[in-house]
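> If you scroll down you'll find the structure; I have some questions about it.
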Amino acid sequence: MSITKVTSEDQYKQLIGATKVSVVLFSAEWAEQCKQISDVMTELAKQAEFKSLQFLDVPAEDLSELSMRHQIDSVPTVLFLRAGTAVDRIDGVDVGMLTQKAKKYAGMPTTPSPAGDGASNLEERLKALINRSKVMIFMKGDRNTPRCGFSKQLIAIVNDTGVEYDTFDILTDEAVRQGLKTFSNWPTYPQVYVSGELIGGLDIIKELLEGGELKETLNP
């Protein structure tokens, strides 16, 4: 599933009238922050946990009547609508809040269980993510759109090796972002794992590259 680009008011009315909760981004092409929110929503839309939601992108200036109706005075603004009625909103860029609210409206737990089951479930999820690919990179953004300089440098280096790898965008999941720091005792991102074992961050990867050991480390 992906974000639906809304091109008319009639299409919008039809989409938000569905039984699914709609996560609606009001955006403008000239606003770089909108792309950040759009990329996060695209990543969320790909995940099975959020299949009960539909993600929409509305051009705020082109469909100004809709913007006025929802009192959109700046972009990006994200609305959560149920059966056509706004039930929540986020003004500005707040990736953590977007993910938390998306989980809430998808019916997912957003806080750990007091009994400790949440921590246990998170650990199992982290183990599964770490082993999702032989080489797994946890980063801000993804391989196509790195969202920080360190992640961008790392992806460029790993791409040059030709080794296959997968990425996980920590900006889309605050529980993973914080939990992985504790799980692996490594406080910063990006983080590179090979066969479920932490190799390190950008500095370690650079050291391995300079020592001529990187490709062998990533593809033992």
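Scheme for the structure tokens: letters A, B, ... for chains in order shown; per-chain residue numbers from 1; ligand numbers from 1 in order shown.
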If you take only C-alpha atoms and a cut-off of 8 Å, which residues of region 74-174 of chain A touch region 39-45 of chain A, and what are their nearest atom pairs and distances in Å to one decimal, in chain and number order, as a tab-separated table?


residue	atom	partner	partner_atom	distance
A:Val95	CA	A:Val40	CA	7.4
A:Thr99	CA	A:Leu44	CA	7.9
A:Asp169	CA	A:Glu43	CA	8.0
A:Leu171	CA	A:Val40	CA	7.4
A:Thr172	CA	A:Val40	CA	6.0

> Please produce a file of the residues just selected, as a PDB file, in the first residue's frame, where the atoms kept are C-alpha atoms.


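Full text of again_35.pdb as output:
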ATOM      1  CA  VAL A  95       7.658  12.352  13.111  1.00  0.00           C
ATOM      2  CA  THR A  99       4.003   7.404  14.264  1.00  0.00           C
ATOM      3  CA  ASP A 169      13.919   3.884   9.111  1.00  0.00           C
ATOM      4  CA  LEU A 171      12.163   7.806  12.386  1.00  0.00           C
ATOM      5  CA  THR A 172       9.028   5.755  11.711  1.00  0.00           C
TER       6      THR A 172
END

> Check the DSSP output for the backbone and give back, as an MDAnalysis selection string, the residues of region 9-213 of chain A in strand (DSSP E or B).

chainID A and resid 21:27 53:59 77:82 85:91 135:139 141 146 166:169 191:194 197:200

> Restricting the calculation to only C-alpha atoms, which member of A:Ile137, A:Ala102, A:Ala28, A:Leu66 is positioned closest to Gln47 (chain A)?

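Distance minimum relative to Gln47 (chain A) lands on A:Ala102.
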
> For a quick check of understanding, using only C-alpha atoms, which of A:Thr182, A:Ser74, A:Thr188, A:Thr217 has the smallest distance to Gly92 (chain A)?

A:Ser74

> Excluding Ile157 (chain A) and any residue of its chain fewer than 4 positions from it, enumerate the residues within 10 Å of it, using only C-alpha atoms, and give them as a list in words.

Ser151, Lys152, Gln153, Thr161, Gly162, Leu202, Ile205, Lys206, Leu209 and Leu214 of chain A

> How would the residues just picked look written out with C-alpha atoms as a short mmCIF file (atom, residue, chain, number, x, y, z; two decimals), in the first residue's frame?


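What landed in result_17.cif:
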data_model
loop_
_atom_site.label_atom_id
_atom_site.label_comp_id
_atom_site.auth_asym_id
_atom_site.auth_seq_id
_atom_site.Cartn_x
_atom_site.Cartn_y
_atom_site.Cartn_z
CA SER A 151 23.35 7.84 7.20
CA LYS A 152 23.99 9.28 3.74
CA GLN A 153 27.76 8.64 4.04
CA THR A 161 30.78 -2.68 -1.93
CA GLY A 162 27.95 -4.15 -4.01
CA LEU A 202 29.77 5.02 10.54
CA ILE A 205 32.54 1.14 8.82
CA LYS A 206 35.07 3.80 7.76
CA LEU A 209 36.96 0.43 4.65
CA LEU A 214 34.76 -3.93 4.85
#

> Quick one: distance from CA of Tyr189 (chain A) to CA of Glu49 (chain A) in Å, one decimal?

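One can read the CA of Tyr189 (chain A) to CA of Glu49 (chain A) distance as 24.1 Å.
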
> Report the residues of region 40-208 of chain A whose backbone DSSP state falls under alpha helix (DSSP H), written as a PyMOL selection string.

chain A and resi 40-46+64-69+95-105+117-130+149-161+174-184+202-208

> If we count only C-alpha atoms, what is near Phe183 (chain A) at a cut-off of 12 Å, once residues fewer than 5 positions away on the same chain are taken out, given as a VMD selection string?

chain A and resid 119 to 120 122 to 127 130 175 to 178 197 to 198

> Output all heavy atoms for every residue in the selection just made, as a CSV table (one decimal), in the first residue's frame.


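And here is the file that came out, selection.csv:
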chain,number,residue,atom,x,y,z
A,119,ALA,N,8.0,-4.9,26.9
A,119,ALA,CA,9.5,-5.0,26.8
A,119,ALA,C,9.9,-6.3,26.1
A,119,ALA,O,10.8,-6.3,25.3
A,119,ALA,CB,10.1,-4.8,28.1
A,120,SER,N,9.2,-7.4,26.5
A,120,SER,CA,9.6,-8.7,26.0
A,120,SER,C,9.2,-8.8,24.5
A,120,SER,O,10.0,-9.3,23.7
A,120,SER,CB,8.8,-9.8,26.8
A,120,SER,OG,9.0,-11.1,26.2
A,122,LEU,N,9.0,-6.2,22.5
A,122,LEU,CA,9.9,-5.3,21.7
A,122,LEU,C,11.2,-6.0,21.5
A,122,LEU,O,11.7,-5.9,20.4
A,122,LEU,CB,10.1,-4.1,22.5
A,122,LEU,CG,11.1,-3.1,21.9
A,122,LEU,CD1,10.6,-2.6,20.5
A,122,LEU,CD2,11.3,-1.9,22.8
A,123,GLU,N,11.7,-6.7,22.4
A,123,GLU,CA,13.0,-7.5,22.2
A,123,GLU,C,12.8,-8.5,21.1
A,123,GLU,O,13.7,-8.6,20.3
A,123,GLU,CB,13.4,-8.1,23.6
A,123,GLU,CG,14.8,-8.8,23.5
A,123,GLU,CD,15.3,-9.2,24.8
A,123,GLU,OE1,15.1,-8.5,25.8
A,123,GLU,OE2,15.9,-10.3,24.9
A,124,GLU,N,11.7,-9.2,21.1
A,124,GLU,CA,11.5,-10.2,20.0
A,124,GLU,C,11.4,-9.5,18.7
A,124,GLU,O,12.0,-10.0,17.7
A,124,GLU,CB,10.2,-11.0,20.3
A,124,GLU,CG,10.3,-12.0,21.5
A,124,GLU,CD,11.5,-13.0,21.3
A,124,GLU,OE1,11.6,-13.5,20.2
A,124,GLU,OE2,12.3,-13.1,22.3
A,125,ARG,N,10.8,-8.4,18.7
A,125,ARG,CA,10.6,-7.6,17.4
A,125,ARG,C,12.0,-7.1,16.9
A,125,ARG,O,12.3,-7.1,15.7
A,125,ARG,CB,9.7,-6.4,17.6
A,125,ARG,CG,9.4,-5.7,16.3
A,125,ARG,CD,8.2,-4.8,16.4
A,125,ARG,NE,8.0,-4.0,15.2
A,125,ARG,CZ,8.1,-2.7,15.1
A,125,ARG,NH1,8.2,-2.0,16.2
A,125,ARG,NH2,8.0,-2.1,14.0
A,126,LEU,N,12.8,-6.6,17.9
A,126,LEU,CA,14.1,-6.1,17.5
A,126,LEU,C,15.0,-7.3,16.9
A,126,LEU,O,15.7,-7.1,16.0
A,126,LEU,CB,14.8,-5.5,18.7
A,126,LEU,CG,14.2,-4.2,19.3
A,126,LEU,CD1,14.9,-3.8,20.6
A,126,LEU,CD2,14.3,-3.1,18.2
A,127,LYS,N,14.9,-8.4,17.6
A,127,LYS,CA,15.7,-9.6,17.1
A,127,LYS,C,15.2,-9.9,15.7
A,127,LYS,O,16.1,-10.2,14.8
A,127,LYS,CB,15.5,-10.8,18.0
A,127,LYS,CG,16.2,-10.7,19.3
A,127,LYS,CD,15.9,-11.9,20.2
A,127,LYS,CE,16.6,-11.8,21.6
A,127,LYS,NZ,16.2,-12.9,22.4
A,130,ILE,N,16.6,-7.2,13.2
A,130,ILE,CA,18.0,-7.3,13.1
A,130,ILE,C,18.4,-8.5,12.1
A,130,ILE,O,19.4,-8.4,11.4
A,130,ILE,CB,18.7,-7.6,14.4
A,130,ILE,CG1,18.7,-6.3,15.3
A,130,ILE,CG2,20.1,-8.0,14.3
A,130,ILE,CD1,19.0,-6.5,16.7
A,175,ALA,N,9.7,3.3,19.3
A,175,ALA,CA,10.0,2.2,20.2
A,175,ALA,C,11.3,1.5,19.7
A,175,ALA,O,12.1,1.1,20.5
A,175,ALA,CB,8.8,1.2,20.2
A,176,VAL,N,11.4,1.3,18.4
A,176,VAL,CA,12.6,0.6,17.9
A,176,VAL,C,13.8,1.6,18.0
A,176,VAL,O,14.9,1.1,18.4
A,176,VAL,CB,12.4,0.3,16.4
A,176,VAL,CG1,13.7,-0.2,15.7
A,176,VAL,CG2,11.3,-0.8,16.2
A,177,ARG,N,13.6,2.8,17.8
A,177,ARG,CA,14.6,3.8,17.8
A,177,ARG,C,15.3,3.8,19.2
A,177,ARG,O,16.5,3.8,19.4
A,177,ARG,CB,14.1,5.2,17.5
A,177,ARG,CG,15.1,6.3,17.5
A,177,ARG,CD,14.5,7.6,17.2
A,177,ARG,NE,15.5,8.7,17.1
A,177,ARG,CZ,15.2,9.9,16.7
A,177,ARG,NH1,13.9,10.3,16.4
A,177,ARG,NH2,16.1,10.9,16.6
A,178,GLN,N,14.5,3.8,20.3
A,178,GLN,CA,15.0,3.9,21.6
A,178,GLN,C,15.4,2.5,22.1
A,178,GLN,O,16.4,2.3,22.8
A,178,GLN,CB,13.9,4.5,22.6
A,178,GLN,CG,13.5,5.9,22.3
A,178,GLN,CD,14.7,6.9,22.3
A,178,GLN,OE1,15.7,6.7,23.0
A,178,GLN,NE2,14.6,7.9,21.4
A,197,GLU,N,24.5,-9.7,14.2
A,197,GLU,CA,25.5,-9.2,15.1
A,197,GLU,C,25.8,-7.7,14.8
A,197,GLU,O,26.0,-7.4,13.6
A,197,GLU,CB,26.8,-10.0,15.1
A,197,GLU,CG,26.6,-11.5,15.5
A,197,GLU,CD,26.3,-11.6,17.0
A,197,GLU,OE1,26.8,-10.8,17.8
A,197,GLU,OE2,25.5,-12.5,17.4
A,198,LEU,N,25.9,-6.9,15.8
A,198,LEU,CA,26.2,-5.5,15.6
A,198,LEU,C,27.7,-5.3,15.2
A,198,LEU,O,28.6,-5.8,15.8
A,198,LEU,CB,26.0,-4.7,16.9
A,198,LEU,CG,26.4,-3.2,16.9
A,198,LEU,CD1,25.5,-2.4,15.9
A,198,LEU,CD2,26.4,-2.6,18.3

> Show which residues sit within 12 Å of Val75 (chain A), as number ranges by chain. Count only C-alpha atoms, and ignore same-chain residues fewer than 3 positions away.

A: 24-38, 57-61, 67, 71-72, 78-79, 90-93

> Excluding Val163 (chain A) and residues on its chain fewer than 5 positions from it, collect all residues at most 12 Å away from it, counting only C-alpha atoms, and give them as a VMD selection string.

chain A and resid 133 to 136 155 to 158 194 214 to 220
